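**Q** This structure is in structure tokens; I'll ask about it shortly.
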Amino acid sequence: MPTVYEVPADVLINRLAEELKVSFPEVNPPPWALFVKTGCHRERNPDNPDWWYVRAASILRKLYVKGPLGVSRLATIYGGRQRRGRKPPHFRKAGRNHIRKILQQLEEAGLVTKLDKKGRVLTSKGRSLLDSLAADILRKLKTSGGLAALA
């Protein structure tokens, strides 16, 4: 059976974001999500109005690949370089509030669960969702002849 490792990450994340938006009503952006930056290293808020679903899909993929992760480690993964004018740039972690809220929503949906003092991991429901999407994507890639047909 194909797994997440065998399909392109961007294709999987976009398909998973659409699946979360349609099939899981527990995962939805709060009202403040339109106005918030994703961290202090960003200068503007995200351009994509569906960035909440894309970030949730990305978090699900990270949990699949990297195992138990907590909010702090996810904030480090999604962090970036803060430009400071003439001063040298420094690394800054991403904002933690949106990561925490997304994880809580994914827990309500039954896709993620907490491990005691280790962070969060995927449940069997979440793992099977990602595996089935990966199998579908790989099947379409093989029949259509490449990435151009998925776009």
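As shown in the structure tokens, the chain order sets the letters A, B, ...; within each chain, residues go from 1, and ligands are also counted from 1 in the order they appear.
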Could the residues of segment 23-92 of chain A that have an atom at most 10 Å from segment 120-132 of chain A be listed as JSON lines, each with its closest atom pair and the distance in Å to one decimal, counting only C-alpha atoms and ordered by chain and ascending residue number?

**A**
{"residue": "A:Ala57", "atom": "CA", "partner": "A:Leu130", "partner_atom": "CA", "distance": 9.6}
{"residue": "A:Leu60", "atom": "CA", "partner": "A:Leu122", "partner_atom": "CA", "distance": 7.5}
{"residue": "A:Arg61", "atom": "CA", "partner": "A:Leu130", "partner_atom": "CA", "distance": 7.8}
{"residue": "A:Lys62", "atom": "CA", "partner": "A:Val121", "partner_atom": "CA", "distance": 9.8}
{"residue": "A:Leu63", "atom": "CA", "partner": "A:Val121", "partner_atom": "CA", "distance": 6.0}
{"residue": "A:Tyr64", "atom": "CA", "partner": "A:Leu122", "partner_atom": "CA", "distance": 6.6}
{"residue": "A:Lys66", "atom": "CA", "partner": "A:Val121", "partner_atom": "CA", "distance": 9.3}
{"residue": "A:Gly67", "atom": "CA", "partner": "A:Val121", "partner_atom": "CA", "distance": 6.3}
{"residue": "A:Pro68", "atom": "CA", "partner": "A:Val121", "partner_atom": "CA", "distance": 4.9}
{"residue": "A:Leu69", "atom": "CA", "partner": "A:Arg120", "partner_atom": "CA", "distance": 5.4}
{"residue": "A:Gly70", "atom": "CA", "partner": "A:Arg120", "partner_atom": "CA", "distance": 6.0}
{"residue": "A:Val71", "atom": "CA", "partner": "A:Arg120", "partner_atom": "CA", "distance": 8.7}

**Q** Between A:Ala134, A:Ala75, A:Val11, A:Ala56, which one has atoms that come closest to Leu106 of chain A, using only C-alpha atoms?

**A**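 Closest to Leu106 of chain A, using only C-alpha atoms: A:Ala56.
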
**Q** Identify which of the residues A:Leu133, A:Ala109, A:Ile99, A:Val54 lies closest to Leu74 of chain A, counting only C-alpha atoms when measuring atom-to-atom distances.

**A**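 Going through A:Leu133, A:Ala109, A:Ile99, A:Val54 one by one, the smallest distance to Leu74 of chain A is for A:Ile99.
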
**Q** In Å to one decimal, how far is atom CA of Val27 of chain A from atom CA of Arg139 of chain A?

**A**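 Value for the atom CA of Arg139 of chain A-atom CA of Val27 of chain A distance: 27.2 Å.
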
**Q** Write out as number ranges by chain all residues of chain A that DSSP puts in helix (DSSP H, G or I) for this structure's backbone.

**A** A: 4-6, 9-23, 31-34, 51-66, 71-77, 97-109, 124-144, 147-149

**Q** Identify all residues of chain A in strand (DSSP E or B) (DSSP on the backbone) and supply them as a ChimeraX atom specification.

**A** /A:39,69,80-84,87-92,94,112-115,119-122

**Q** Write out the residues from the selection above, keeping N, CA, C and O atoms, as a tab-separated table (two decimals), in the first residue's frame.

**A**
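out.tsv, written as the output of this step:
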chain	number	residue	atom	x	y	z
A	39	GLY	N	3.55	34.41	12.53
A	39	GLY	CA	4.69	34.50	13.42
A	39	GLY	C	5.29	35.89	13.37
A	39	GLY	O	4.98	36.70	12.48
A	69	LEU	N	4.94	15.05	18.03
A	69	LEU	CA	5.41	16.44	18.02
A	69	LEU	C	4.52	17.27	18.93
A	69	LEU	O	3.31	17.08	18.96
A	80	GLY	N	11.01	30.98	10.99
A	80	GLY	CA	11.81	31.47	9.87
A	80	GLY	C	12.70	32.62	10.27
A	80	GLY	O	12.79	33.01	11.43
A	81	ARG	N	13.34	33.18	9.27
A	81	ARG	CA	14.29	34.26	9.49
A	81	ARG	C	13.56	35.59	9.61
A	81	ARG	O	12.76	35.95	8.75
A	82	GLN	N	13.84	36.32	10.68
A	82	GLN	CA	13.26	37.64	10.86
A	82	GLN	C	14.24	38.67	10.34
A	82	GLN	O	15.39	38.76	10.80
A	83	ARG	N	13.78	39.46	9.38
A	83	ARG	CA	14.61	40.54	8.84
A	83	ARG	C	14.54	41.71	9.79
A	83	ARG	O	13.47	42.10	10.24
A	84	ARG	N	15.70	42.30	10.08
A	84	ARG	CA	15.74	43.37	11.08
A	84	ARG	C	16.40	44.63	10.53
A	84	ARG	O	17.06	45.35	11.26
A	87	LYS	N	20.50	45.39	10.81
A	87	LYS	CA	21.04	44.41	11.75
A	87	LYS	C	20.97	43.01	11.14
A	87	LYS	O	20.14	42.76	10.27
A	88	PRO	N	21.78	42.09	11.61
A	88	PRO	CA	21.73	40.73	11.04
A	88	PRO	C	20.40	40.04	11.36
A	88	PRO	O	19.82	40.26	12.42
A	89	PRO	N	19.92	39.22	10.44
A	89	PRO	CA	18.66	38.51	10.70
A	89	PRO	C	18.85	37.42	11.76
A	89	PRO	O	19.95	36.91	11.97
A	90	HIS	N	17.76	37.07	12.43
A	90	HIS	CA	17.76	36.03	13.45
A	90	HIS	C	16.60	35.09	13.20
A	90	HIS	O	15.56	35.49	12.67
A	91	PHE	N	16.76	33.85	13.63
A	91	PHE	CA	15.68	32.88	13.52
A	91	PHE	C	14.65	33.16	14.61
A	91	PHE	O	15.00	33.43	15.76
A	92	ARG	N	13.38	33.07	14.25
A	92	ARG	CA	12.29	33.22	15.21
A	92	ARG	C	11.31	32.07	15.01
A	92	ARG	O	11.04	31.66	13.88
A	94	ALA	N	7.60	30.28	14.94
A	94	ALA	CA	6.27	30.72	14.49
A	94	ALA	C	5.38	30.96	15.69
A	94	ALA	O	5.69	30.56	16.81
A	112	VAL	N	-6.03	13.15	15.56
A	112	VAL	CA	-4.81	13.30	16.36
A	112	VAL	C	-5.16	12.98	17.81
A	112	VAL	O	-6.28	13.24	18.26
A	113	THR	N	-4.20	12.44	18.54
A	113	THR	CA	-4.39	12.22	19.97
A	113	THR	C	-3.10	12.58	20.70
A	113	THR	O	-2.04	12.64	20.11
A	114	LYS	N	-3.24	12.84	22.01
A	114	LYS	CA	-2.09	13.21	22.83
A	114	LYS	C	-1.39	11.97	23.35
A	114	LYS	O	-2.03	11.01	23.78
A	115	LEU	N	-0.06	12.02	23.34
A	115	LEU	CA	0.75	11.04	24.05
A	115	LEU	C	1.23	11.73	25.31
A	115	LEU	O	1.60	12.90	25.28
A	119	GLY	N	3.86	14.78	23.24
A	119	GLY	CA	3.28	15.56	22.15
A	119	GLY	C	2.06	14.86	21.60
A	119	GLY	O	1.40	14.08	22.27
A	120	ARG	N	1.79	15.12	20.33
A	120	ARG	CA	0.61	14.53	19.69
A	120	ARG	C	1.04	13.60	18.56
A	120	ARG	O	2.05	13.84	17.90
A	121	VAL	N	0.23	12.58	18.34
A	121	VAL	CA	0.47	11.61	17.27
A	121	VAL	C	-0.83	11.40	16.50
A	121	VAL	O	-1.91	11.74	16.97
A	122	LEU	N	-0.70	10.81	15.31
A	122	LEU	CA	-1.87	10.50	14.52
A	122	LEU	C	-2.59	9.29	15.09
A	122	LEU	O	-1.97	8.36	15.59

**Q** What is the atom CA of Arg96 of chain A-atom CA of Glu18 of chain A distance in Å, reported with one decimal?

**A**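 Taking atom CA of Arg96 of chain A as the start and atom CA of Glu18 of chain A as the end point, the length is 23.4 Å.
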
**Q** So that I can check the surroundings of Ile102 of chain A, please list as JSON, numbers by chain every protein, DNA and RNA residue that reaches within 9 Å of it, counting only C-alpha atoms and ignoring chain neighbours fewer than 3 positions away.

**A** {"A": [27, 28, 29, 52, 53, 55, 56, 59, 97, 98, 99, 105, 106, 107]}

**Q** Could you save those same residues with C-alpha atoms as a PDB file, in the first residue's frame?

**A**
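Written output follows (part14.pdb):
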ATOM      1  CA  VAL A  27     -11.600  21.986  11.458  1.00  0.00           C
ATOM      2  CA  ASN A  28     -12.512  25.555  10.620  1.00  0.00           C
ATOM      3  CA  PRO A  29     -10.697  28.868  11.029  1.00  0.00           C
ATOM      4  CA  TRP A  52      -5.864  27.465   7.970  1.00  0.00           C
ATOM      5  CA  TYR A  53      -6.714  24.235   6.129  1.00  0.00           C
ATOM      6  CA  ARG A  55      -1.529  24.529   7.716  1.00  0.00           C
ATOM      7  CA  ALA A  56      -3.720  21.831   9.286  1.00  0.00           C
ATOM      8  CA  ILE A  59       0.672  19.586  10.460  1.00  0.00           C
ATOM      9  CA  ASN A  97      -1.655  29.974  19.123  1.00  0.00           C
ATOM     10  CA  HIS A  98      -2.777  28.939  15.661  1.00  0.00           C
ATOM     11  CA  ILE A  99      -0.772  25.699  15.888  1.00  0.00           C
ATOM     12  CA  GLN A 105      -9.492  20.913  16.226  1.00  0.00           C
ATOM     13  CA  LEU A 106      -7.752  17.864  14.769  1.00  0.00           C
ATOM     14  CA  GLU A 107      -8.200  16.141  18.137  1.00  0.00           C
TER      15      GLU A 107
END
